[in-house]
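S.K.: As input, take protein_32.pdb (PDB, C-alpha atoms, pLDDT in the B column):
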```pdb
ATOM      1  CA  MET A 412      59.819-154.045   7.122  1.00 95.00           C
ATOM      2  CA  LYS A 413      60.986-150.422   6.875  1.00 98.00           C
ATOM      3  CA  ILE A 414      57.953-148.242   6.227  1.00 98.00           C
ATOM      4  CA  LEU A 415      57.942-144.492   5.602  1.00 98.00           C
ATOM      5  CA  ILE A 416      54.696-142.589   6.148  1.00 98.00           C
ATOM      6  CA  LEU A 417      54.332-139.204   4.489  1.00 98.00           C
ATOM      7  CA  GLY A 418      52.251-136.797   6.570  1.00 95.00           C
ATOM      8  CA  ALA A 419      51.560-136.712  10.303  1.00 94.00           C
ATOM      9  CA  GLY A 420      47.868-135.885  10.021  1.00 90.00           C
ATOM     10  CA  LYS A 421      44.913-137.982  11.156  1.00 87.00           C
ATOM     11  CA  MET A 422      45.406-140.909   8.793  1.00 91.00           C
ATOM     12  CA  GLY A 423      49.187-140.731   8.979  1.00 94.00           C
ATOM     13  CA  SER A 424      48.948-141.011  12.756  1.00 93.00           C
ATOM     14  CA  PHE A 425      46.498-143.892  12.447  1.00 92.00           C
ATOM     15  CA  PHE A 426      48.744-145.917  10.137  1.00 95.00           C
ATOM     16  CA  THR A 427      51.768-145.177  12.300  1.00 95.00           C
ATOM     17  CA  ASP A 428      49.975-146.488  15.364  1.00 93.00           C
ATOM     18  CA  VAL A 429      48.765-149.601  13.541  1.00 93.00           C
ATOM     19  CA  LEU A 430      52.090-150.503  11.913  1.00 97.00           C
ATOM     20  CA  SER A 431      54.755-149.388  14.371  1.00 95.00           C
ATOM     21  CA  PHE A 432      54.537-152.420  16.651  1.00 93.00           C
ATOM     22  CA  GLU A 433      55.365-154.897  13.896  1.00 95.00           C
ATOM     23  CA  HIS A 434      57.486-152.792  11.531  1.00 97.00           C
ATOM     24  CA  GLU A 435      60.212-150.180  11.635  1.00 98.00           C
ATOM     25  CA  VAL A 436      58.242-147.021  10.918  1.00 98.00           C
ATOM     26  CA  ALA A 437      59.353-143.480  10.156  1.00 98.00           C
ATOM     27  CA  VAL A 438      57.072-140.465   9.653  1.00 98.00           C
ATOM     28  CA  TYR A 439      58.075-137.545   7.453  1.00 98.00           C
ATOM     29  CA  ASP A 440      56.430-134.148   7.728  1.00 95.00           C
ATOM     30  CA  VAL A 441      57.801-130.752   6.767  1.00 92.00           C
ATOM     31  CA  ASN A 442      56.109-129.267   9.843  1.00 92.00           C
ATOM     32  CA  PRO A 443      57.966-130.514  12.964  1.00 92.00           C
ATOM     33  CA  GLN A 444      55.085-129.355  15.187  1.00 93.00           C
ATOM     34  CA  ARG A 445      52.891-132.092  13.727  1.00 91.00           C
ATOM     35  CA  LEU A 446      55.397-134.755  14.775  1.00 94.00           C
ATOM     36  CA  ARG A 447      55.285-133.882  18.481  1.00 90.00           C
ATOM     37  CA  PHE A 448      52.823-136.601  19.410  1.00 87.00           C
ATOM     38  CA  MET A 449      54.087-139.352  17.102  1.00 90.00           C
ATOM     39  CA  TYR A 450      55.408-142.236  19.193  1.00 90.00           C
ATOM     40  CA  ASN A 451      57.202-145.541  18.614  1.00 93.00           C
ATOM     41  CA  CYS A 452      58.604-144.300  15.304  1.00 97.00           C
ATOM     42  CA  TYR A 453      61.353-142.201  13.764  1.00 97.00           C
ATOM     43  CA  ARG A 454      60.386-138.592  13.110  1.00 97.00           C
ATOM     44  CA  PHE A 455      61.889-137.082   9.973  1.00 97.00           C
ATOM     45  CA  THR A 456      61.807-133.513   8.700  1.00 96.00           C
ATOM     46  CA  LYS A 457      64.675-133.740   6.199  1.00 96.00           C
ATOM     47  CA  LEU A 458      65.050-135.689   2.962  1.00 97.00           C
ATOM     48  CA  GLU A 459      68.540-136.835   3.983  1.00 97.00           C
ATOM     49  CA  GLU A 460      66.976-138.767   6.860  1.00 98.00           C
ATOM     50  CA  ILE A 461      64.744-140.627   4.407  1.00 98.00           C
ATOM     51  CA  SER A 462      67.757-141.450   2.256  1.00 97.00           C
ATOM     52  CA  GLU A 463      69.587-142.933   5.262  1.00 98.00           C
ATOM     53  CA  PHE A 464      66.478-144.852   6.406  1.00 98.00           C
ATOM     54  CA  LYS A 465      66.111-146.635   3.035  1.00 98.00           C
ATOM     55  CA  PRO A 466      62.382-147.486   3.234  1.00 98.00           C
ATOM     56  CA  GLU A 467      60.993-150.584   1.562  1.00 98.00           C
ATOM     57  CA  LEU A 468      57.451-149.176   1.455  1.00 98.00           C
ATOM     58  CA  VAL A 469      56.155-145.599   1.378  1.00 98.00           C
ATOM     59  CA  ILE A 470      52.582-144.814   2.449  1.00 98.00           C
ATOM     60  CA  ASN A 471      51.575-141.360   1.263  1.00 98.00           C
ATOM     61  CA  ALA A 472      49.109-140.010   3.845  1.00 95.00           C
ATOM     62  CA  ALA A 473      49.480-136.353   2.883  1.00 93.00           C
ATOM     63  CA  THR A 474      46.237-134.459   2.353  1.00 87.00           C
ATOM     64  CA  VAL A 475      44.815-134.960  -1.134  1.00 85.00           C
ATOM     65  CA  LYS A 476      45.938-131.483  -2.231  1.00 86.00           C
ATOM     66  CA  TYR A 477      49.563-132.442  -1.626  1.00 91.00           C
ATOM     67  CA  THR A 478      49.578-136.163  -2.507  1.00 94.00           C
ATOM     68  CA  LEU A 479      51.450-135.748  -5.788  1.00 96.00           C
ATOM     69  CA  ASP A 480      53.701-133.014  -4.398  1.00 96.00           C
ATOM     70  CA  ALA A 481      54.745-135.300  -1.537  1.00 97.00           C
ATOM     71  CA  PHE A 482      55.601-138.078  -3.983  1.00 98.00           C
ATOM     72  CA  HIS A 483      57.662-135.775  -6.202  1.00 97.00           C
ATOM     73  CA  GLN A 484      59.523-134.496  -3.145  1.00 97.00           C
ATOM     74  CA  VAL A 485      60.662-137.894  -1.844  1.00 98.00           C
ATOM     75  CA  LEU A 486      61.122-139.971  -5.020  1.00 98.00           C
ATOM     76  CA  PRO A 487      64.716-138.787  -5.613  1.00 98.00           C
ATOM     77  CA  VAL A 488      65.847-140.163  -2.214  1.00 98.00           C
ATOM     78  CA  LEU A 489      64.026-143.517  -2.315  1.00 98.00           C
ATOM     79  CA  PRO A 490      65.698-146.843  -3.122  1.00 98.00           C
ATOM     80  CA  LYS A 491      64.739-148.022  -6.602  1.00 97.00           C
ATOM     81  CA  ASP A 492      63.186-151.227  -5.242  1.00 97.00           C
ATOM     82  CA  CYS A 493      60.925-149.314  -2.831  1.00 98.00           C
ATOM     83  CA  ILE A 494      57.151-149.730  -3.266  1.00 98.00           C
ATOM     84  CA  ILE A 495      55.242-146.452  -3.143  1.00 98.00           C
ATOM     85  CA  SER A 496      51.570-146.256  -2.181  1.00 98.00           C
ATOM     86  CA  ASP A 497      48.759-143.839  -1.450  1.00 98.00           C
ATOM     87  CA  ILE A 498      45.546-143.986   0.590  1.00 96.00           C
ATOM     88  CA  ALA A 499      43.906-141.034  -1.126  1.00 91.00           C
ATOM     89  CA  SER A 500      40.134-140.852  -1.405  1.00 86.00           C
ATOM     90  CA  VAL A 501      40.528-138.954  -4.682  1.00 83.00           C
ATOM     91  CA  LYS A 502      42.714-140.697  -7.278  1.00 89.00           C
ATOM     92  CA  THR A 503      42.794-137.870  -9.819  1.00 84.00           C
ATOM     93  CA  GLY A 504      46.107-137.933 -11.674  1.00 90.00           C
ATOM     94  CA  LEU A 505      47.515-140.864  -9.689  1.00 95.00           C
ATOM     95  CA  LYS A 506      47.154-143.548 -12.364  1.00 95.00           C
ATOM     96  CA  GLU A 507      49.135-141.469 -14.840  1.00 96.00           C
ATOM     97  CA  PHE A 508      51.715-140.599 -12.194  1.00 97.00           C
ATOM     98  CA  TYR A 509      52.278-144.229 -11.215  1.00 97.00           C
ATOM     99  CA  GLU A 510      52.591-145.383 -14.805  1.00 96.00           C
ATOM    100  CA  ASN A 511      55.456-142.943 -15.382  1.00 97.00           C
ATOM    101  CA  CYS A 512      57.215-142.797 -11.993  1.00 97.00           C
ATOM    102  CA  GLY A 513      59.493-145.808 -12.432  1.00 96.00           C
ATOM    103  CA  PHE A 514      58.594-147.334  -9.063  1.00 98.00           C
ATOM    104  CA  ARG A 515      56.445-150.290  -8.088  1.00 98.00           C
ATOM    105  CA  TYR A 516      53.208-148.997  -6.609  1.00 98.00           C
ATOM    106  CA  VAL A 517      49.970-149.898  -4.891  1.00 98.00           C
ATOM    107  CA  SER A 518      46.928-147.686  -4.366  1.00 98.00           C
ATOM    108  CA  THR A 519      44.232-148.223  -1.738  1.00 98.00           C
ATOM    109  CA  HIS A 520      41.404-146.269  -0.167  1.00 95.00           C
ATOM    110  CA  PRO A 521      40.316-146.918   3.434  1.00 93.00           C
ATOM    111  CA  MET A 522      36.653-145.920   3.176  1.00 88.00           C
ATOM    112  CA  PHE A 523      36.561-144.456   6.655  1.00 82.00           C
ATOM    113  CA  GLY A 524      38.092-141.551   8.496  1.00 67.00           C
ATOM    114  CA  PRO A 525      38.721-140.404  12.053  1.00 56.00           C
ATOM    115  CA  THR A 526      35.770-137.991  11.831  1.00 53.00           C
ATOM    116  CA  PHE A 527      33.072-140.660  12.098  1.00 48.00           C
ATOM    117  CA  ALA A 528      34.632-144.125  12.293  1.00 50.00           C
ATOM    118  CA  ASN A 529      35.329-145.951  15.544  1.00 57.00           C
ATOM    119  CA  LEU A 530      38.984-146.748  14.896  1.00 60.00           C
ATOM    120  CA  ASP A 531      38.941-149.432  17.589  1.00 66.00           C
ATOM    121  CA  LYS A 532      36.138-151.322  15.853  1.00 73.00           C
ATOM    122  CA  LEU A 533      36.333-151.287  12.069  1.00 84.00           C
ATOM    123  CA  SER A 534      34.462-154.493  11.201  1.00 84.00           C
ATOM    124  CA  THR A 535      31.616-152.483   9.657  1.00 86.00           C
ATOM    125  CA  GLU A 536      33.976-150.314   7.579  1.00 92.00           C
ATOM    126  CA  ASN A 537      35.301-150.927   4.063  1.00 93.00           C
ATOM    127  CA  ALA A 538      38.550-150.572   2.154  1.00 95.00           C
ATOM    128  CA  ILE A 539      39.256-150.551  -1.573  1.00 96.00           C
ATOM    129  CA  ILE A 540      42.417-151.959  -3.116  1.00 98.00           C
ATOM    130  CA  ILE A 541      43.091-150.831  -6.684  1.00 97.00           C
ATOM    131  CA  LYS A 542      43.609-153.792  -9.019  1.00 97.00           C
ATOM    132  CA  GLU A 543      46.376-152.094 -10.964  1.00 95.00           C
ATOM    133  CA  GLY A 544      49.665-152.153  -9.123  1.00 94.00           C
ATOM    134  CA  ASP A 545      52.367-154.324  -7.582  1.00 96.00           C
ATOM    135  CA  HIS A 546      51.316-157.810  -6.482  1.00 97.00           C
ATOM    136  CA  LEU A 547      53.348-157.845  -3.269  1.00 96.00           C
ATOM    137  CA  GLY A 548      52.162-154.346  -2.402  1.00 97.00           C
ATOM    138  CA  LYS A 549      48.541-155.430  -2.748  1.00 97.00           C
ATOM    139  CA  ILE A 550      49.203-158.491  -0.560  1.00 97.00           C
ATOM    140  CA  PHE A 551      50.681-156.249   2.157  1.00 98.00           C
ATOM    141  CA  PHE A 552      47.616-154.021   2.283  1.00 98.00           C
ATOM    142  CA  LYS A 553      45.219-156.939   2.018  1.00 98.00           C
ATOM    143  CA  ASP A 554      46.857-158.550   5.056  1.00 97.00           C
ATOM    144  CA  LEU A 555      46.812-155.244   6.920  1.00 97.00           C
ATOM    145  CA  TYR A 556      43.150-154.526   6.186  1.00 96.00           C
ATOM    146  CA  GLN A 557      42.156-158.086   7.056  1.00 96.00           C
ATOM    147  CA  HIS A 558      43.977-157.681  10.378  1.00 94.00           C
ATOM    148  CA  LEU A 559      41.888-154.546  10.978  1.00 92.00           C
ATOM    149  CA  LYS A 560      38.768-156.605  10.114  1.00 92.00           C
ATOM    150  CA  LEU A 561      37.848-154.275   7.266  1.00 94.00           C
ATOM    151  CA  ASN A 562      35.651-155.474   4.411  1.00 95.00           C
ATOM    152  CA  ILE A 563      37.925-155.455   1.358  1.00 96.00           C
ATOM    153  CA  PHE A 564      36.901-154.763  -2.242  1.00 96.00           C
ATOM    154  CA  GLU A 565      39.015-154.569  -5.397  1.00 96.00           C
ATOM    155  CA  TYR A 566      38.330-152.003  -8.107  1.00 95.00           C
ATOM    156  CA  THR A 567      40.215-150.533 -11.014  1.00 95.00           C
ATOM    157  CA  PHE A 568      41.101-146.839 -10.825  1.00 93.00           C
ATOM    158  CA  GLU A 569      38.048-146.229 -13.027  1.00 89.00           C
ATOM    159  CA  GLY A 570      35.763-148.320 -10.840  1.00 91.00           C
ATOM    160  CA  HIS A 571      37.038-146.591  -7.719  1.00 91.00           C
ATOM    161  CA  ASP A 572      36.202-143.150  -9.088  1.00 85.00           C
ATOM    162  CA  GLU A 573      32.678-144.302  -9.965  1.00 86.00           C
ATOM    163  CA  THR A 574      32.190-145.654  -6.448  1.00 86.00           C
ATOM    164  CA  VAL A 575      33.463-142.455  -4.827  1.00 83.00           C
ATOM    165  CA  ALA A 576      31.231-140.307  -7.032  1.00 81.00           C
ATOM    166  CA  TYR A 577      28.213-142.186  -5.698  1.00 84.00           C
ATOM    167  CA  SER A 578      29.124-143.011  -2.097  1.00 85.00           C
ATOM    168  CA  LEU A 579      30.664-139.656  -1.187  1.00 86.00           C
ATOM    169  CA  SER A 580      29.120-137.017  -3.442  1.00 87.00           C
ATOM    170  CA  ILE A 581      25.493-137.836  -2.567  1.00 90.00           C
ATOM    171  CA  PRO A 582      25.899-137.613   1.234  1.00 91.00           C
ATOM    172  CA  PHE A 583      28.223-134.610   0.899  1.00 91.00           C
ATOM    173  CA  VAL A 584      25.817-132.639  -1.294  1.00 93.00           C
ATOM    174  CA  SER A 585      22.846-133.605   0.895  1.00 93.00           C
ATOM    175  CA  THR A 586      24.786-132.359   3.910  1.00 94.00           C
ATOM    176  CA  PHE A 587      25.647-129.094   2.163  1.00 94.00           C
ATOM    177  CA  VAL A 588      21.967-128.490   1.412  1.00 93.00           C
ATOM    178  CA  PHE A 589      21.037-129.165   5.045  1.00 93.00           C
ATOM    179  CA  ALA A 590      23.701-126.742   6.254  1.00 94.00           C
ATOM    180  CA  ALA A 591      22.695-124.094   3.687  1.00 95.00           C
ATOM    181  CA  VAL A 592      19.061-123.903   4.851  1.00 92.00           C
ATOM    182  CA  MET A 593      19.703-124.604   8.546  1.00 87.00           C
ATOM    183  CA  LYS A 594      18.610-122.148  11.226  1.00 86.00           C
ATOM    184  CA  HIS A 595      19.697-122.191  14.859  1.00 84.00           C
ATOM    185  CA  GLN A 596      17.356-124.216  17.077  1.00 82.00           C
ATOM    186  CA  ASP A 597      17.076-123.626  20.830  1.00 85.00           C
ATOM    187  CA  ALA A 598      15.465-127.018  21.379  1.00 85.00           C
ATOM    188  CA  PRO A 599      16.476-129.248  18.451  1.00 88.00           C
ATOM    189  CA  GLY A 600      15.001-132.719  18.046  1.00 91.00           C
ATOM    190  CA  THR A 601      17.042-135.902  17.897  1.00 94.00           C
ATOM    191  CA  THR A 602      16.993-136.148  14.096  1.00 93.00           C
ATOM    192  CA  PHE A 603      18.081-132.520  13.746  1.00 92.00           C
ATOM    193  CA  LYS A 604      20.964-133.030  16.186  1.00 92.00           C
ATOM    194  CA  ARG A 605      22.158-136.102  14.290  1.00 93.00           C
ATOM    195  CA  HIS A 606      22.099-134.229  11.000  1.00 92.00           C
ATOM    196  CA  MET A 607      23.935-131.360  12.670  1.00 92.00           C
ATOM    197  CA  ALA A 608      26.678-133.715  13.906  1.00 91.00           C
ATOM    198  CA  ILE A 609      27.095-135.131  10.402  1.00 92.00           C
ATOM    199  CA  ALA A 610      27.245-131.633   8.892  1.00 92.00           C
ATOM    200  CA  GLN A 611      29.854-130.497  11.400  1.00 92.00           C
ATOM    201  CA  GLY A 612      31.941-133.593  10.686  1.00 89.00           C
ATOM    202  CA  VAL A 613      31.776-133.272   6.902  1.00 89.00           C
ATOM    203  CA  LEU A 614      32.471-129.537   6.945  1.00 92.00           C
ATOM    204  CA  SER A 615      35.512-130.077   9.171  1.00 88.00           C
ATOM    205  CA  GLU A 616      37.161-131.877   6.251  1.00 83.00           C
ATOM    206  CA  ASP A 617      39.770-130.150   4.102  1.00 80.00           C
ATOM    207  CA  ASP A 618      38.202-127.795   1.532  1.00 88.00           C
ATOM    208  CA  PHE A 619      40.350-129.185  -1.267  1.00 80.00           C
ATOM    209  CA  LEU A 620      39.251-132.751  -0.479  1.00 79.00           C
ATOM    210  CA  LEU A 621      35.577-131.759  -0.612  1.00 87.00           C
ATOM    211  CA  GLN A 622      36.186-129.857  -3.839  1.00 87.00           C
ATOM    212  CA  GLU A 623      37.995-132.724  -5.549  1.00 80.00           C
ATOM    213  CA  ILE A 624      35.295-135.237  -4.608  1.00 82.00           C
ATOM    214  CA  LEU A 625      32.569-132.957  -5.949  1.00 87.00           C
ATOM    215  CA  PHE A 626      34.574-132.097  -9.075  1.00 86.00           C
ATOM    216  CA  ASN A 627      34.789-135.788  -9.977  1.00 81.00           C
ATOM    217  CA  PRO A 628      33.478-135.949 -13.575  1.00 81.00           C
ATOM    218  CA  ARG A 629      30.809-138.437 -12.446  1.00 82.00           C
ATOM    219  CA  THR A 630      29.466-136.258  -9.631  1.00 87.00           C
ATOM    220  CA  PRO A 631      27.148-133.962 -11.675  1.00 89.00           C
ATOM    221  CA  ALA A 632      24.951-136.916 -12.670  1.00 87.00           C
ATOM    222  CA  GLN A 633      24.576-137.890  -9.000  1.00 87.00           C
ATOM    223  CA  VAL A 634      23.682-134.314  -8.013  1.00 90.00           C
ATOM    224  CA  GLU A 635      21.202-134.159 -10.877  1.00 93.00           C
ATOM    225  CA  GLY A 636      19.520-137.218  -9.385  1.00 91.00           C
ATOM    226  CA  ILE A 637      19.112-135.367  -6.079  1.00 92.00           C
ATOM    227  CA  ARG A 638      17.526-132.416  -7.869  1.00 94.00           C
ATOM    228  CA  THR A 639      15.115-134.713  -9.719  1.00 95.00           C
ATOM    229  CA  GLU A 640      14.001-136.348  -6.469  1.00 95.00           C
ATOM    230  CA  LEU A 641      13.621-132.980  -4.725  1.00 95.00           C
ATOM    231  CA  ASN A 642      11.416-131.711  -7.543  1.00 96.00           C
ATOM    232  CA  GLU A 643       9.203-134.801  -7.305  1.00 96.00           C
ATOM    233  CA  LEU A 644       8.952-134.518  -3.532  1.00 96.00           C
ATOM    234  CA  LEU A 645       8.210-130.793  -3.672  1.00 96.00           C
ATOM    235  CA  ASP A 646       5.423-131.437  -6.189  1.00 97.00           C
ATOM    236  CA  ILE A 647       3.851-134.062  -3.902  1.00 97.00           C
ATOM    237  CA  ILE A 648       4.071-131.725  -0.890  1.00 97.00           C
ATOM    238  CA  SER A 649       2.680-128.714  -2.802  1.00 97.00           C
ATOM    239  CA  ARG A 650      -0.332-130.717  -3.983  1.00 96.00           C
ATOM    240  CA  LYS A 651      -0.782-132.372  -0.560  1.00 97.00           C
ATOM    241  CA  ASP A 652      -0.969-135.626  -2.486  1.00 97.00           C
ATOM    242  CA  ALA A 653      -1.426-138.221   0.278  1.00 97.00           C
ATOM    243  CA  GLU A 654      -1.535-141.143  -2.128  1.00 96.00           C
ATOM    244  CA  GLY A 655       1.541-139.881  -3.945  1.00 96.00           C
ATOM    245  CA  MET A 656       3.392-139.449  -0.639  1.00 96.00           C
ATOM    246  CA  HIS A 657       2.501-142.981   0.419  1.00 96.00           C
ATOM    247  CA  ALA A 658       3.849-144.340  -2.867  1.00 96.00           C
ATOM    248  CA  TYR A 659       6.993-142.201  -2.614  1.00 96.00           C
ATOM    249  CA  LEU A 660       7.749-143.362   0.938  1.00 96.00           C
ATOM    250  CA  GLY A 661       7.255-146.956  -0.172  1.00 96.00           C
ATOM    251  CA  LYS A 662       9.729-146.448  -3.011  1.00 95.00           C
ATOM    252  CA  ILE A 663      12.467-144.928  -0.877  1.00 95.00           C
ATOM    253  CA  ARG A 664      12.022-147.479   1.921  1.00 95.00           C
ATOM    254  CA  LYS A 665      12.824-150.197  -0.602  1.00 95.00           C
ATOM    255  CA  ASN A 666      16.045-148.370  -1.455  1.00 92.00           C
ATOM    256  CA  ILE A 667      17.385-148.585   2.107  1.00 89.00           C
ATOM    257  CA  LYS A 668      16.529-152.216   2.791  1.00 87.00           C
TER     258      LYS A 668
END
```
Starting from the coordinates I provided, produce the structure as structure tokens.
M.R.:
Amino acid sequence: MKILILGAGKMGSFFTDVLSFEHEVAVYDVNPQRLRFMYNCYRFTKLEEISEFKPELVINAATVKYTLDAFHQVLPVLPKDCIISDIASVKTGLKEFYENCGFRYVSTHPMFGPTFANLDKLSTENAIIIKEGDHLGKIFFKDLYQHLKLNIFEYTFEGHDETVAYSLSIPFVSTFVFAAVMKHQDAPGTTFKRHMAIAQGVLSEDDFLLQEILFNPRTPAQVEGIRTELNELLDIISRKDAEGMHAYLGKIRKNIK
């Protein structure tokens, strides 16, 4: 299969490595410097090269800020029977784009990233395949994700956004709060060091990605839940309420079982 990958970043490199041994893969990036370490694939910097390649599938791995821009740039040079796809963690505007683009499409979200995931062992990681979209495109990604031993779930675009609002906004906001009140420690404990590693990983992500996840319309309700819990915990601590603390710890332990 001829597969074109848009973007030579972390996820673009990952998909190139995974697919290039069984498919004919080309990577397109407007910055030739980012293509220097891409192997076992064609490296494109011009739209004419895409036109000559005639891809059967496009995987848009551009950063979320440029996902739609990348699509608009390459659509005029794609064969009409090409399937286009994205792996974006934020699907804002994509459903409407796909419905009007004139191409078959499939949308997925690998729920992991190079920052924290062990890319050689993904059996504990998840992937979402959006129910709307081309049947053959969904089969391709289902086979691929099964090969990677990912746990696969199917959601609508709406269901995906709800899941992201919960599973990403809560840890992101909690990490922001940790980083906001953090002070340098000469001899940090193990728990502190683990939180620090998470904070450094999250804050190394693209600003626009973090913004779009937190600007999800469903995120404010999740953040409000954090504030409610903090107020309850602060009240227990201020009153030195041992019985209340015992009950609170029991409640939250049940949540993580």
S.K.: Please determine, counting all atoms listed in the file, which residue among A:Gly544, A:Thr574, A:Glu654, A:Glu510 has the shortest atom-to-atom distance to Met522 of chain A.
M.R.: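 Among the listed residues, A:Thr574 lies closest to Met522 of chain A.
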S.K.: Select, from A:Lys560, A:Lys532, A:His483, A:Arg454, the residue with the minimum atom-to-atom distance to Tyr509 of chain A, counting only C-alpha atoms.
M.R.: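 Looking at the shortest contact to Tyr509 of chain A, the residue is A:His483.
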S.K.: Env of Tyr450 of chain A: 10 Å cut, atoms = all atoms listed in the file, seq-sep filter 4 positions within chain, self excluded. Answer as a PDB file with C-alpha atoms, in the coordinates of the input.
M.R.:
```pdb
ATOM      1  CA  SER A 424      48.948-141.011  12.756  1.00 93.00           C
ATOM      2  CA  THR A 427      51.768-145.177  12.300  1.00 95.00           C
ATOM      3  CA  ASP A 428      49.975-146.488  15.364  1.00 93.00           C
ATOM      4  CA  SER A 431      54.755-149.388  14.371  1.00 95.00           C
ATOM      5  CA  VAL A 436      58.242-147.021  10.918  1.00 98.00           C
ATOM      6  CA  ALA A 437      59.353-143.480  10.156  1.00 98.00           C
ATOM      7  CA  VAL A 438      57.072-140.465   9.653  1.00 98.00           C
ATOM      8  CA  LEU A 446      55.397-134.755  14.775  1.00 94.00           C
ATOM      9  CA  ARG A 454      60.386-138.592  13.110  1.00 97.00           C
TER      10      ARG A 454
END
```
S.K.: Neighbouring residues of segment 568-571 of chain A were defined as those with any atom within 9 Å, considering only C-alpha atoms; residues of the same chain fewer than 4 positions away were excluded. Please report them as a compact mmCIF listing (two decimals) with C-alpha atoms, in the coordinates of the input.
M.R.:
```txt
# COMPACT_ATOMS: atom_id res chain seq x y z
CA VAL A 501 40.53 -138.95 -4.68
CA LYS A 502 42.71 -140.70 -7.28
CA LEU A 505 47.52 -140.86 -9.69
CA LYS A 506 47.15 -143.55 -12.36
CA SER A 518 46.93 -147.69 -4.37
CA HIS A 520 41.40 -146.27 -0.17
CA ILE A 539 39.26 -150.55 -1.57
CA ILE A 540 42.42 -151.96 -3.12
CA ILE A 541 43.09 -150.83 -6.68
CA LYS A 542 43.61 -153.79 -9.02
CA GLU A 543 46.38 -152.09 -10.96
CA VAL A 575 33.46 -142.46 -4.83
CA ALA A 576 31.23 -140.31 -7.03
```
S.K.: To one decimal place, how far is atom CA of Gly418 of chain A from atom CA of Tyr439 of chain A in Å?
M.R.: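 Between atom CA of Gly418 of chain A and atom CA of Tyr439 of chain A the gap works out to 5.9 Å.
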S.K.: Please determine, counting only C-alpha atoms, which residue among A:Leu579, A:Ile637, A:Ile495, A:Ile550 has the shortest atom-to-atom distance to Ala472 of chain A.
M.R.: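 Nearest candidate to Ala472 of chain A out of A:Leu579, A:Ile637, A:Ile495, A:Ile550: A:Ile495.
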S.K.: Skip Lys421 of chain A itself and residues of its chain fewer than 4 positions away, then list as a PyMOL selection string all residues within 12 Å of it, counting all atoms listed in the file.
M.R.: chain A and resi 416-417+425-428+445-446+448-449+472-474+523-526+530+616-617
S.K.: Write out as number ranges by chain each polymer residue whose atoms come within 8 Å of His434 of chain A, counting all atoms listed in the file; drop sequence neighbours fewer than 2 positions from it.
M.R.: A: 412-414, 430-432, 436
S.K.: Step by step, work through what the PyMOL selection byres ((chain A and resi 441) around 6) selects in the shown file, and finish by giving those residues as a PyMOL selection string.
M.R.: chain A and resi 440+442+456
S.K.: What does the structure give for the distance between atom CA of Ala538 of chain A and atom CA of Ile563 of chain A, in Å to one decimal?
M.R.: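 Interatomic distance, atom CA of Ala538 of chain A to atom CA of Ile563 of chain A: 5.0 Å.
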S.K.: List, as a PyMOL selection string, every residue that the PyMOL selection byres ((chain A and resi 458) around 9) selects in the file provided.
M.R.: chain A and resi 439+455-457+459-463+484-485+488
S.K.: Ranking A:Tyr453, A:Phe583, A:Tyr477, A:Tyr566 by minimum distance to Thr519 of chain A and counting all atoms listed in the file, which one comes first?
M.R.: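 Answer, going by the shortest atom-to-atom distance: A:Tyr566.
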S.K.: Determine the residue set returned by the PyMOL selection byres ((chain A and resi 559) around 10) for the present structure, and present it as JSON, numbers by chain.
M.R.: {"A": [429, 530, 531, 532, 533, 534, 536, 553, 554, 555, 556, 557, 558, 560, 561, 562]}
S.K.: Go ahead and dump the residues you just picked, C-alpha atoms, as a compact mmCIF listing (two decimals), in the frame of the given file.
M.R.:
```
# COMPACT_ATOMS: atom_id res chain seq x y z
CA VAL A 429 48.76 -149.60 13.54
CA LEU A 530 38.98 -146.75 14.90
CA ASP A 531 38.94 -149.43 17.59
CA LYS A 532 36.14 -151.32 15.85
CA LEU A 533 36.33 -151.29 12.07
CA SER A 534 34.46 -154.49 11.20
CA GLU A 536 33.98 -150.31 7.58
CA LYS A 553 45.22 -156.94 2.02
CA ASP A 554 46.86 -158.55 5.06
CA LEU A 555 46.81 -155.24 6.92
CA TYR A 556 43.15 -154.53 6.19
CA GLN A 557 42.16 -158.09 7.06
CA HIS A 558 43.98 -157.68 10.38
CA LYS A 560 38.77 -156.60 10.11
CA LEU A 561 37.85 -154.28 7.27
CA ASN A 562 35.65 -155.47 4.41
```
S.K.: What separation in Å, quoted to one decimal, exists between atom CA of Ala590 of chain A and atom CA of Leu621 of chain A?
M.R.: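 For atom CA of Ala590 of chain A relative to atom CA of Leu621 of chain A, the distance reads 14.6 Å.
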S.K.: I'd like the box whose edges run along x, y and z of the file and which contains every listed atom of segment 517-523 of chain A, padded by 8 Å per side; could you state its centre and edge lengths in Å, one decimal, as lines of an AutoDock Vina configuration file?
M.R.:
```
center_x = 43.3
center_y = -147.2
center_z = 0.9
size_x = 29.4
size_y = 21.4
size_z = 27.5
```
S.K.: Quick one: residues within 7 Å of segment 604-612 of chain A, only C-alpha atoms, excluding same-chain residues fewer than 2 positions away - as a PyMOL selection string?
M.R.: chain A and resi 526+586+590+599-602+614-615
S.K.: Restricting the calculation to only C-alpha atoms: of A:Gly423, A:Pro490, A:Pro443, A:Pro521, which residue gets closest to Lys465 of chain A?
M.R.: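 Counting only C-alpha atoms, the residue closest to Lys465 of chain A is A:Pro490.
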S.K.: Kindly indicate which residue among A:Ser580, A:Asn471, A:Thr535, A:Ser585 lies nearest to Asn627 of chain A, using all atoms listed in the file for the distances.
M.R.: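 Of A:Ser580, A:Asn471, A:Thr535, A:Ser585, the one nearest Asn627 of chain A, counting all atoms listed in the file, is A:Ser580.
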